[in-house]
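A.B. asks: Input input_1.cif, format and content: mmCIF, C-alpha atoms.
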```
data_model
#
loop_
_atom_site.label_atom_id
_atom_site.label_comp_id
_atom_site.auth_asym_id
_atom_site.auth_seq_id
_atom_site.Cartn_x
_atom_site.Cartn_y
_atom_site.Cartn_z
CA MET A 889 0.00 0.00 0.00
CA SER A 890 1.50 3.34 -0.96
CA SER A 891 1.20 6.59 0.95
CA GLN A 892 -0.63 8.12 -2.02
CA ASN A 893 -3.61 5.87 -1.30
CA LEU A 894 -3.95 7.00 2.30
CA PRO A 895 -6.22 9.94 3.20
CA GLN A 896 -4.68 12.99 4.84
CA SER A 897 -5.17 13.68 8.56
CA PRO A 898 -8.19 15.92 9.22
CA GLU A 899 -7.86 19.22 11.04
CA SER A 900 -8.31 19.37 14.82
CA PRO A 901 -12.03 19.63 15.72
CA GLU A 902 -13.40 23.02 16.73
CA SER A 903 -15.23 21.40 19.66
CA SER A 904 -11.94 20.86 21.47
CA GLU A 905 -11.59 24.64 21.76
CA SER A 906 -15.07 25.33 23.12
CA SER A 907 -13.94 26.26 26.62
CA ALA A 908 -11.53 28.97 25.40
CA ARG A 909 -12.43 32.50 24.27
CA PRO A 910 -12.66 32.74 20.44
CA GLU A 911 -9.48 34.80 20.23
CA GLN A 912 -7.58 32.26 22.38
CA ARG A 913 -7.86 29.00 20.54
CA ARG A 914 -6.70 26.24 22.84
CA LYS A 915 -4.79 23.23 21.61
CA PRO A 916 -6.54 19.91 22.34
CA ARG A 917 -5.14 18.35 25.49
CA VAL A 918 -4.12 14.70 25.24
CA ALA A 919 -3.82 12.72 28.47
CA VAL A 920 -1.41 9.83 27.89
CA VAL A 921 -2.32 7.20 30.49
CA PHE A 922 0.17 4.40 31.10
CA GLY A 923 1.63 1.90 33.57
CA GLY A 924 -1.10 0.01 35.39
CA ARG A 925 -1.54 -3.02 37.58
CA SER A 926 -0.77 -5.72 35.03
CA SER A 927 2.48 -7.62 34.51
CA GLU A 928 3.01 -5.49 31.37
CA HIS A 929 3.42 -2.32 33.45
CA GLY A 930 6.98 -1.57 32.31
CA ILE A 931 6.27 -2.10 28.61
CA SER A 932 3.33 0.27 28.93
CA VAL A 933 5.70 2.95 30.25
CA VAL A 934 8.06 2.37 27.32
CA THR A 935 5.15 2.65 24.87
CA ALA A 936 3.95 5.87 26.51
CA GLY A 937 7.40 7.41 26.21
CA ALA A 938 7.45 6.70 22.49
CA VAL A 939 3.95 8.13 21.99
CA MET A 940 4.74 11.27 23.99
CA ARG A 941 7.92 11.81 21.99
CA ALA A 942 5.94 11.56 18.74
CA VAL A 943 2.98 13.80 19.64
CA ASP A 944 3.10 17.06 17.69
CA ARG A 945 3.40 19.65 20.48
CA THR A 946 2.46 22.42 18.06
CA LYS A 947 -0.99 20.79 17.71
CA TYR A 948 -1.58 19.24 21.14
CA ASP A 949 -0.85 19.74 24.81
CA VAL A 950 0.23 16.55 26.58
CA LEU A 951 -0.67 15.54 30.12
CA PRO A 952 1.24 12.42 31.27
CA ILE A 953 -0.70 10.35 33.82
CA GLY A 954 0.84 7.18 35.22
CA ILE A 955 -0.92 4.38 37.06
CA THR A 956 1.28 2.74 39.67
CA ARG A 957 1.50 -1.01 40.12
CA ASP A 958 -0.94 -0.75 43.03
CA GLY A 959 -3.46 1.25 40.95
CA ARG A 960 -2.83 4.84 42.07
CA TRP A 961 -3.15 7.53 39.38
CA VAL A 962 -0.29 10.04 39.52
CA LEU A 963 0.99 13.00 37.58
CA THR A 964 4.37 12.16 36.07
CA ALA A 965 7.26 13.99 34.50
CA ASP A 966 6.88 14.78 30.80
CA ASP A 967 10.26 13.20 30.10
CA PRO A 968 10.17 10.48 27.41
CA ALA A 969 13.94 9.97 27.70
CA ARG A 970 13.42 8.40 31.14
CA MET A 971 10.76 6.02 29.83
CA ALA A 972 12.98 3.68 27.83
CA ILE A 973 14.50 0.27 28.54
CA ALA A 974 17.95 0.72 30.10
CA ASP A 975 20.41 -2.00 31.09
CA ARG A 976 17.79 -4.64 30.18
CA GLN A 977 15.41 -3.13 32.77
CA VAL A 978 11.98 -1.69 32.01
CA PRO A 979 10.97 1.63 33.64
CA ASP A 980 8.37 2.08 36.37
CA VAL A 981 5.73 4.76 37.01
CA ASP A 982 6.96 5.27 40.58
CA GLN A 983 10.30 6.47 39.16
CA LEU A 984 8.48 9.17 37.17
CA ALA A 985 5.84 10.36 39.67
CA GLU A 986 6.07 14.06 40.52
CA SER A 987 4.87 13.38 44.07
CA ALA A 988 5.36 10.25 46.16
CA ASN A 989 1.94 10.67 47.81
CA GLY A 990 -0.04 12.69 45.29
CA SER A 991 -2.90 11.35 43.21
CA VAL A 992 -4.81 12.32 40.06
CA THR A 993 -8.58 12.16 39.71
CA LEU A 994 -10.58 12.25 36.50
CA SER A 995 -14.16 13.41 36.93
CA VAL A 996 -16.91 10.91 36.09
CA ASP A 997 -19.26 13.80 35.31
CA PRO A 998 -19.62 13.89 31.50
CA GLY A 999 -20.11 17.66 31.71
CA ASN A 1000 -16.80 18.17 33.51
CA ARG A 1001 -13.58 16.89 31.95
CA HIS A 1002 -11.28 18.54 34.47
CA VAL A 1003 -8.43 16.66 36.10
CA LEU A 1004 -7.61 17.23 39.79
CA VAL A 1005 -4.34 16.62 41.61
CA SER A 1006 -4.48 15.95 45.34
CA GLU A 1007 -1.53 15.97 47.71
CA PRO A 1008 -1.44 15.47 51.49
CA GLY A 1009 -1.90 18.73 53.38
CA ALA A 1010 -2.89 20.75 50.33
CA LEU A 1011 -6.12 21.68 48.61
CA PRO A 1012 -6.79 19.81 45.35
CA ARG A 1013 -5.64 21.77 42.32
CA GLU A 1014 -7.09 21.72 38.84
CA LEU A 1015 -4.97 20.77 35.83
CA GLY A 1016 -7.62 21.89 33.36
CA GLU A 1017 -9.71 19.94 30.89
CA VAL A 1018 -8.76 16.79 29.02
CA ASP A 1019 -10.03 16.52 25.45
CA VAL A 1020 -8.91 12.99 24.66
CA VAL A 1021 -7.20 10.12 26.45
CA PHE A 1022 -4.51 8.02 24.76
CA PRO A 1023 -4.52 4.87 26.92
CA VAL A 1024 -1.34 2.90 26.31
CA LEU A 1025 -1.95 0.30 28.98
CA HIS A 1026 -1.36 -3.35 28.19
CA GLY A 1027 -3.13 -6.25 29.85
CA PRO A 1028 -5.75 -6.36 32.64
CA TYR A 1029 -6.95 -3.18 34.35
CA GLY A 1030 -6.40 -1.07 31.26
CA GLU A 1031 -6.59 -2.87 27.93
CA ASP A 1032 -9.48 -5.12 28.99
CA GLY A 1033 -12.39 -2.66 28.97
CA THR A 1034 -12.08 -1.50 32.57
CA LEU A 1035 -10.42 1.83 31.77
CA GLN A 1036 -12.59 2.20 28.67
CA GLY A 1037 -15.69 1.87 30.88
CA LEU A 1038 -14.42 4.61 33.18
CA LEU A 1039 -13.79 6.90 30.22
CA GLU A 1040 -17.27 6.20 28.85
CA LEU A 1041 -18.72 7.22 32.22
CA SER A 1042 -16.55 10.33 32.17
CA GLY A 1043 -17.60 11.24 28.65
CA VAL A 1044 -13.99 11.65 27.56
CA PRO A 1045 -13.07 10.47 24.03
CA TYR A 1046 -10.24 7.95 23.91
CA VAL A 1047 -7.99 6.21 21.44
CA GLY A 1048 -8.71 2.62 20.50
CA ALA A 1049 -11.30 -0.06 21.08
CA GLY A 1050 -14.41 0.36 23.20
CA VAL A 1051 -15.51 -1.64 26.23
CA LEU A 1052 -16.74 -4.79 24.48
CA ALA A 1053 -13.92 -5.08 21.95
CA SER A 1054 -11.32 -4.42 24.64
CA ALA A 1055 -12.77 -7.10 26.90
CA VAL A 1056 -13.03 -9.66 24.09
CA GLY A 1057 -9.55 -8.81 22.84
CA GLN A 1058 -8.09 -9.40 26.30
CA ASP A 1059 -9.75 -12.76 27.03
CA LYS A 1060 -8.24 -15.40 24.75
CA GLU A 1061 -11.10 -17.83 25.35
CA TYR A 1062 -13.88 -15.47 24.31
CA MET A 1063 -11.77 -14.00 21.54
CA LYS A 1064 -11.51 -17.45 19.99
CA ARG A 1065 -15.22 -18.06 20.50
CA VAL A 1066 -16.05 -14.82 18.66
CA PHE A 1067 -13.64 -15.67 15.85
CA THR A 1068 -15.20 -19.11 15.46
CA SER A 1069 -18.72 -17.67 15.38
CA PHE A 1070 -17.68 -15.42 12.50
CA GLY A 1071 -16.05 -18.26 10.59
CA LEU A 1072 -12.44 -17.28 11.23
CA PRO A 1073 -10.06 -20.26 11.55
CA VAL A 1074 -8.53 -20.88 15.00
CA GLY A 1075 -6.18 -23.59 16.23
CA PRO A 1076 -7.01 -26.37 18.74
CA TYR A 1077 -7.18 -25.25 22.38
CA GLU A 1078 -8.57 -26.13 25.80
CA VAL A 1079 -9.66 -23.73 28.54
CA VAL A 1080 -9.48 -24.46 32.26
CA ARG A 1081 -11.44 -22.09 34.47
CA PRO A 1082 -10.56 -21.38 38.12
CA ARG A 1083 -13.43 -23.36 39.68
CA GLU A 1084 -12.62 -26.43 37.61
CA TRP A 1085 -8.92 -26.39 38.55
CA GLU A 1086 -9.58 -25.69 42.22
CA SER A 1087 -12.42 -28.18 42.70
CA ASP A 1088 -11.25 -31.15 40.61
CA ARG A 1089 -7.65 -30.79 39.51
CA PRO A 1090 -7.22 -34.48 38.50
CA ALA A 1091 -10.20 -34.28 36.12
CA ALA A 1092 -8.90 -31.06 34.57
CA ARG A 1093 -5.42 -32.50 34.17
CA LYS A 1094 -6.87 -35.67 32.61
CA ARG A 1095 -8.69 -33.55 30.03
CA LEU A 1096 -5.46 -31.76 29.17
CA MET A 1097 -3.60 -35.04 28.79
CA GLU A 1098 -6.32 -36.27 26.43
CA PHE A 1099 -5.88 -33.04 24.45
CA ALA A 1100 -2.13 -33.68 24.28
CA ALA A 1101 -2.71 -37.28 23.17
CA GLU A 1102 -4.90 -36.03 20.32
CA HIS A 1103 -2.75 -33.10 19.18
CA GLY A 1104 0.73 -34.04 20.34
CA TRP A 1105 3.49 -32.31 22.27
CA PRO A 1106 4.75 -29.65 22.74
CA LEU A 1107 1.90 -27.59 24.17
CA PHE A 1108 1.72 -23.93 25.10
CA VAL A 1109 0.19 -22.98 28.45
CA LYS A 1110 -1.02 -19.37 28.62
CA PRO A 1111 -2.81 -17.04 31.03
CA ALA A 1112 -6.23 -16.43 29.48
CA ARG A 1113 -6.06 -12.67 30.02
CA GLY A 1114 -2.53 -11.42 29.47
CA GLY A 1115 -0.11 -10.25 26.83
CA SER A 1116 3.50 -9.70 25.80
CA SER A 1117 4.00 -13.47 26.27
CA VAL A 1118 4.15 -12.95 30.04
CA GLY A 1119 3.35 -16.20 31.89
CA ILE A 1120 3.45 -18.37 28.76
CA SER A 1121 5.38 -21.65 28.83
CA LYS A 1122 6.25 -24.16 26.15
CA VAL A 1123 5.81 -27.68 27.53
CA ASP A 1124 7.59 -30.56 25.80
CA ASP A 1125 6.23 -33.47 27.84
CA PRO A 1126 3.90 -34.28 30.78
CA SER A 1127 6.59 -33.67 33.38
CA GLY A 1128 6.53 -29.91 32.79
CA LEU A 1129 2.77 -29.43 32.64
CA ASP A 1130 2.02 -28.67 36.29
CA GLU A 1131 4.85 -26.15 36.61
CA ALA A 1132 3.65 -24.37 33.44
CA ILE A 1133 0.09 -24.26 34.75
CA GLU A 1134 1.21 -22.70 38.02
CA GLU A 1135 3.25 -20.10 36.12
CA ALA A 1136 0.21 -19.19 34.00
CA ARG A 1137 -2.02 -19.05 37.10
CA ARG A 1138 0.37 -16.59 38.76
CA HIS A 1139 -0.93 -14.12 36.18
CA ASP A 1140 -4.51 -15.30 35.70
CA PRO A 1141 -6.52 -18.06 37.45
CA LYS A 1142 -8.02 -18.99 34.06
CA PHE A 1143 -5.60 -20.50 31.57
CA LEU A 1144 -5.49 -21.98 28.07
CA VAL A 1145 -3.59 -24.88 26.62
CA GLU A 1146 -2.88 -24.73 22.89
CA SER A 1147 -1.28 -27.17 20.50
CA LEU A 1148 1.79 -26.27 18.50
CA LEU A 1149 0.91 -25.02 15.03
CA ARG A 1150 3.82 -25.75 12.75
CA GLY A 1151 4.39 -22.98 10.27
CA ARG A 1152 5.28 -19.30 10.05
CA GLU A 1153 4.21 -16.49 12.40
CA ILE A 1154 2.60 -13.65 10.45
CA GLU A 1155 1.28 -10.35 11.81
CA CYS A 1156 -0.87 -7.67 10.21
CA GLY A 1157 -1.88 -4.22 11.43
CA VAL A 1158 -5.35 -2.75 11.03
CA LEU A 1159 -5.97 0.99 11.23
CA GLU A 1160 -9.31 2.79 11.03
CA PHE A 1161 -9.56 5.43 8.33
CA GLU A 1162 -12.43 7.74 7.44
CA ASP A 1163 -13.77 5.16 4.98
CA GLY A 1164 -13.30 2.16 7.27
CA PRO A 1165 -10.56 -0.17 8.51
CA ARG A 1166 -7.58 -0.97 6.29
CA ALA A 1167 -4.82 -3.53 6.71
CA SER A 1168 -1.10 -2.81 6.54
CA VAL A 1169 1.47 -4.86 4.75
CA PRO A 1170 2.02 -8.01 6.85
CA ALA A 1171 5.17 -8.89 8.77
CA GLU A 1172 6.81 -12.19 9.66
CA ILE A 1173 8.36 -13.18 12.99
CA PRO A 1174 11.24 -15.49 12.05
CA PRO A 1175 12.26 -18.31 14.43
CA VAL A 1176 14.20 -16.93 17.41
CA THR A 1177 17.20 -19.18 17.88
CA ALA A 1178 18.17 -17.77 21.29
CA HIS A 1179 14.72 -18.47 22.79
CA ASP A 1180 12.29 -21.37 22.90
CA PHE A 1181 9.63 -19.16 21.30
CA TYR A 1182 8.83 -15.47 20.75
CA ASP A 1183 8.69 -14.69 24.48
CA PHE A 1184 8.90 -11.44 26.48
CA GLU A 1185 12.70 -11.17 26.36
CA ALA A 1186 12.82 -11.90 22.63
CA LYS A 1187 10.21 -9.19 21.98
CA TYR A 1188 11.41 -6.40 24.21
CA ILE A 1189 14.82 -7.02 25.74
CA ASP A 1190 16.68 -8.64 22.84
CA SER A 1191 14.45 -6.88 20.27
CA ALA A 1192 14.22 -9.82 17.90
CA ALA A 1193 13.59 -8.24 14.51
CA GLY A 1194 10.67 -9.19 12.33
CA LEU A 1195 10.63 -9.12 8.54
CA VAL A 1196 8.64 -6.21 7.13
CA PRO A 1197 7.09 -6.81 4.69
CA ALA A 1198 6.68 -10.55 5.11
CA PRO A 1199 7.98 -12.63 2.18
CA LEU A 1200 4.56 -13.83 1.04
CA THR A 1201 2.96 -14.27 -2.35
CA GLU A 1202 0.49 -11.64 -3.55
CA GLU A 1203 -2.35 -14.07 -2.90
CA GLN A 1204 -1.15 -14.81 0.66
CA THR A 1205 -0.71 -11.11 1.39
CA ALA A 1206 -4.21 -10.33 0.18
CA GLU A 1207 -5.66 -13.21 2.23
CA VAL A 1208 -4.00 -12.29 5.53
CA ARG A 1209 -4.99 -8.65 5.10
CA ARG A 1210 -8.57 -9.71 4.44
CA LEU A 1211 -8.63 -11.91 7.54
CA ALA A 1212 -7.11 -9.15 9.69
CA VAL A 1213 -9.89 -6.72 8.74
CA GLU A 1214 -12.49 -9.46 9.33
CA ALA A 1215 -11.07 -10.02 12.83
CA PHE A 1216 -11.24 -6.27 13.46
CA ASP A 1217 -14.89 -6.18 12.42
CA ALA A 1218 -15.84 -9.44 14.17
CA THR A 1219 -14.76 -8.04 17.54
CA SER A 1220 -16.28 -4.57 16.90
CA CYS A 1221 -12.87 -2.91 17.21
CA GLU A 1222 -12.13 0.76 16.69
CA GLY A 1223 -8.93 2.67 16.05
CA LEU A 1224 -6.30 -0.01 15.71
CA VAL A 1225 -5.55 -3.71 16.05
CA ARG A 1226 -2.63 -6.01 15.45
CA ALA A 1227 -3.80 -9.42 14.28
CA ASP A 1228 -1.45 -12.39 14.73
CA PHE A 1229 -1.63 -15.48 12.51
CA PHE A 1230 0.10 -18.74 11.76
CA LEU A 1231 0.64 -19.73 8.15
CA THR A 1232 0.56 -23.50 8.49
CA GLU A 1233 2.59 -26.02 6.52
CA ASP A 1234 -0.63 -26.75 4.58
CA GLY A 1235 -0.71 -23.14 3.36
CA ASP A 1236 -3.67 -22.06 5.50
CA PHE A 1237 -3.86 -19.00 7.75
CA VAL A 1238 -5.00 -19.59 11.33
CA ILE A 1239 -5.65 -16.59 13.55
CA ASN A 1240 -3.95 -16.74 16.94
CA GLU A 1241 -5.14 -13.51 18.56
CA ILE A 1242 -5.65 -9.78 18.22
CA ASN A 1243 -4.14 -6.99 20.31
CA THR A 1244 -6.33 -3.92 20.73
CA MET A 1245 -3.37 -1.88 22.05
CA PRO A 1246 -0.33 -3.57 20.51
CA GLY A 1247 3.26 -2.77 21.30
CA PHE A 1248 3.69 0.79 20.10
CA THR A 1249 7.33 1.75 20.31
CA PRO A 1250 8.91 2.79 16.98
CA ILE A 1251 10.58 -0.63 16.71
CA SER A 1252 7.36 -2.53 17.52
CA MET A 1253 5.76 -4.49 14.74
CA PHE A 1254 2.55 -2.45 14.44
CA PRO A 1255 4.30 0.89 13.72
CA ARG A 1256 6.86 -0.81 11.51
CA MET A 1257 4.14 -2.39 9.37
CA TRP A 1258 2.43 0.96 8.94
CA GLN A 1259 5.72 2.70 8.22
CA GLU A 1260 6.16 0.26 5.33
CA SER A 1261 2.55 0.99 4.31
CA GLY A 1262 3.17 4.73 4.03
CA VAL A 1263 2.17 5.99 7.49
CA ASP A 1264 5.12 7.03 9.64
CA TYR A 1265 5.13 6.90 13.44
CA ALA A 1266 4.22 10.55 14.07
CA GLU A 1267 1.38 10.42 11.53
CA LEU A 1268 0.15 7.15 13.05
CA VAL A 1269 -0.08 8.77 16.50
CA ASP A 1270 -1.79 11.84 15.03
CA ARG A 1271 -4.34 9.76 13.12
CA LEU A 1272 -5.32 7.86 16.26
CA ILE A 1273 -5.75 11.06 18.28
CA GLN A 1274 -7.79 12.70 15.51
CA ALA A 1275 -10.01 9.62 15.14
CA ALA A 1276 -10.71 9.66 18.88
CA LEU A 1277 -11.46 13.41 18.89
CA ASN A 1278 -13.93 12.92 16.05
CA ARG A 1279 -15.67 9.97 17.72
CA SER A 1280 -18.12 10.51 20.55
CA THR A 1281 -18.37 8.28 23.61
CA GLY A 1282 -21.52 6.29 24.36
CA LEU A 1283 -23.42 3.78 22.24
CA ARG A 1284 -22.43 3.81 18.58
#
```
Would you kindly transcribe this structure into structure tokens?
C.D. replies:
Amino acid sequence: MSSQNLPQSPESPESSESSARPEQRRKPRVAVVFGGRSSEHGISVVTAGAVMRAVDRTKYDVLPIGITRDGRWVLTADDPARMAIADRQVPDVDQLAESANGSVTLSVDPGNRHVLVSEPGALPRELGEVDVVFPVLHGPYGEDGTLQGLLELSGVPYVGAGVLASAVGQDKEYMKRVFTSFGLPVGPYEVVRPREWESDRPAARKRLMEFAAEHGWPLFVKPARGGSSVGISKVDDPSGLDEAIEEARRHDPKFLVESLLRGREIECGVLEFEDGPRASVPAEIPPVTAHDFYDFEAKYIDSAAGLVPAPLTEEQTAEVRRLAVEAFDATSCEGLVRADFFLTEDGDFVINEINTMPGFTPISMFPRMWQESGVDYAELVDRLIQAALNRSTGLR
């Protein structure tokens, strides 16, 4: 896809300036919300730093709001340089907070978009209105519909998927059920819910062993609601199954077991334009020789490089792009999605999952695929902000 085929970014909406006097046109204020309570906290901070660095400060004001690991909202330094991986360590919101004991509150009154900062021994102070929220949280308590629900109550426009799509996109079980209901191909899997594992572990384990007997080893054990490959284990034989289950359950009491799909890992980005969602050129994740699979360290610490564009035939490229848009529509997504597939040895595409807020650093696959498709990183960020500003909250 060439850049000539992509529509130009629209102008900032006049509604974002309604609170200012006509002669003092105010720039839309973008609250970048990041961090959070999930195991992907650090990667969220890295993503936020990249987004903040890319936001056009001549068009927007930026308000950085971090969520600590224990769920406290805090005002942070507007310092993207401190929000990068250093010495193989991911950053933390607590390192960026302007006050050790302060907290930020977003009004849930749709008629009042003001943000308040409270500190011990001081009266709350207003930070002004927020016009749009760019939530770059990954995983539970942020990417799963919880934050989106709060923003809907607050009446504040936000970037990305709504409540339902966020929830479905976070829960691998229900994601696969939705895909299946829309005729999208998924691989074999089993789900074990908390009550089943806690009340009758032998029966649950027996079912998993029967699954392994049918589909073969190795298996992948995954938290049902997680991302960035955190808590995922590759299990080569029965002796490692229980340890892998406990590792998955450290992150989520519900877990999935999936069979190995032999083939190539293909990814495709979907971005919403004025005329509907479009797919990027696809990318391929080549085998990572230093890791058992494409795990957290391979993705973020060692920065294993994907191939963009993927070396596919024209027919394969067209097919995976079609399936990516279908997955976007099936889950009622908005804004953006990264869809992950396997291209099996039989030549068929099988969808693995979608990410409603994919990794978003400049070296992440989603921005790289769109860069190759004619939309650079700064324009990508701008498009998402503009789409959110032009889209109302509430039922749609």
A.B. asks: Can you tell me, as an MDAnalysis selection string, what residues are no more than 12 Å from Glu1202 in chain A when counting only C-alpha atoms, ignoring any on the same chain fewer than 6 positions away?
C.D. replies: chainID A and resid 1169:1170 1208:1209
A.B. asks: Around (-22.4, 10.2, 34.3) in the file's frame, which residues reach within 10 Å when counting only C-alpha atoms? Return as a list in words?
C.D. replies: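 It turns out the residues near that spot are Ser995, Val996, Asp997, Pro998, Gly999, Asn1000, Leu1038, Glu1040, Leu1041, Ser1042 and Gly1043 of chain A.
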A.B. asks: For the structure provided, state which residues fall under the PyMOL selection byres ((chain A and resi 917) around 6), and present them as a ChimeraX atom specification.
C.D. replies: /A:916,918,948-950,1018-1019
A.B. asks: Name all residues at most 9 Å from range 1064-1068 of chain A (count only C-alpha atoms; drop same-chain ones fewer than 5 positions away) and give them as a list in words.
C.D. replies: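 Counting only C-alpha atoms, the residues come to Val1056, Asp1059, Pro1073, Val1074, Gly1075, Ala1215, Ala1218, Thr1219, Ile1239, Asn1240 and Glu1241 of chain A.
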A.B. asks: Write out as a Markdown table a residue-level contact list of range 1000-1100 of chain A versus range 962-972 of chain A with cut-off 12 Å: for each qualifying residue the closest pair of atoms and the distance in Å to one decimal, counting all atoms listed in the file, rows sorted by chain and residue number upward.
C.D. replies:
```
| residue | atom | partner | partner_atom | distance |
| --- | --- | --- | --- | --- |
| A:Val1003 | CA | A:Leu963 | CA | 10.2 |
| A:Leu1004 | CA | A:Leu963 | CA | 9.8 |
| A:Val1005 | CA | A:Leu963 | CA | 7.6 |
| A:Ser1006 | CA | A:Val962 | CA | 9.3 |
| A:Glu1007 | CA | A:Val962 | CA | 10.2 |
| A:Arg1013 | CA | A:Leu963 | CA | 12.0 |
| A:Glu1014 | CA | A:Leu963 | CA | 12.0 |
| A:Leu1015 | CA | A:Leu963 | CA | 9.9 |
```
A.B. asks: Taking (-2.0, -8.3, 16.6) in the file's own coordinates, collect the residues within 9 Å, counting all atoms listed in the file, and hand them back as an mmCIF file with C-alpha atoms, keeping the file's coordinate frame.
C.D. replies:
```cif
data_model
loop_
_atom_site.group_PDB
_atom_site.id
_atom_site.type_symbol
_atom_site.label_atom_id
_atom_site.label_comp_id
_atom_site.auth_asym_id
_atom_site.auth_seq_id
_atom_site.Cartn_x
_atom_site.Cartn_y
_atom_site.Cartn_z
ATOM 1 C CA GLU A 1155 1.280 -10.350 11.810
ATOM 2 C CA CYS A 1156 -0.870 -7.670 10.210
ATOM 3 C CA GLY A 1157 -1.880 -4.220 11.430
ATOM 4 C CA VAL A 1158 -5.350 -2.750 11.030
ATOM 5 C CA ALA A 1212 -7.110 -9.150 9.690
ATOM 6 C CA VAL A 1225 -5.550 -3.710 16.050
ATOM 7 C CA ARG A 1226 -2.630 -6.010 15.450
ATOM 8 C CA ALA A 1227 -3.800 -9.420 14.280
ATOM 9 C CA ASP A 1228 -1.450 -12.390 14.730
ATOM 10 C CA PHE A 1229 -1.630 -15.480 12.510
ATOM 11 C CA ASN A 1240 -3.950 -16.740 16.940
ATOM 12 C CA GLU A 1241 -5.140 -13.510 18.560
ATOM 13 C CA ILE A 1242 -5.650 -9.780 18.220
ATOM 14 C CA ASN A 1243 -4.140 -6.990 20.310
ATOM 15 C CA THR A 1244 -6.330 -3.920 20.730
ATOM 16 C CA MET A 1245 -3.370 -1.880 22.050
ATOM 17 C CA PRO A 1246 -0.330 -3.570 20.510
ATOM 18 C CA GLY A 1247 3.260 -2.770 21.300
ATOM 19 C CA MET A 1253 5.760 -4.490 14.740
ATOM 20 C CA PHE A 1254 2.550 -2.450 14.440
#
```
A.B. asks: Evaluate the PyMOL selection byres ((chain A and resi 923) around 12) and record the selected residues as a VMD selection string, following the chain and residue labels used in the document.
C.D. replies: chain A and resid 920 to 922 924 to 937 952 to 964 971 978 to 985 1023 to 1031
A.B. asks: Identify, on the basis of only C-alpha atoms, every residue whose closest approach to Thr1232 in chain A does not exceed 10 Å; exclude the query and any residue fewer than 6 positions from it along the same chain; express the result as a list in words.
C.D. replies: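 So the residues in contact are Leu1149, Arg1150, Gly1151, Arg1152, Glu1153 and Val1238 of chain A.
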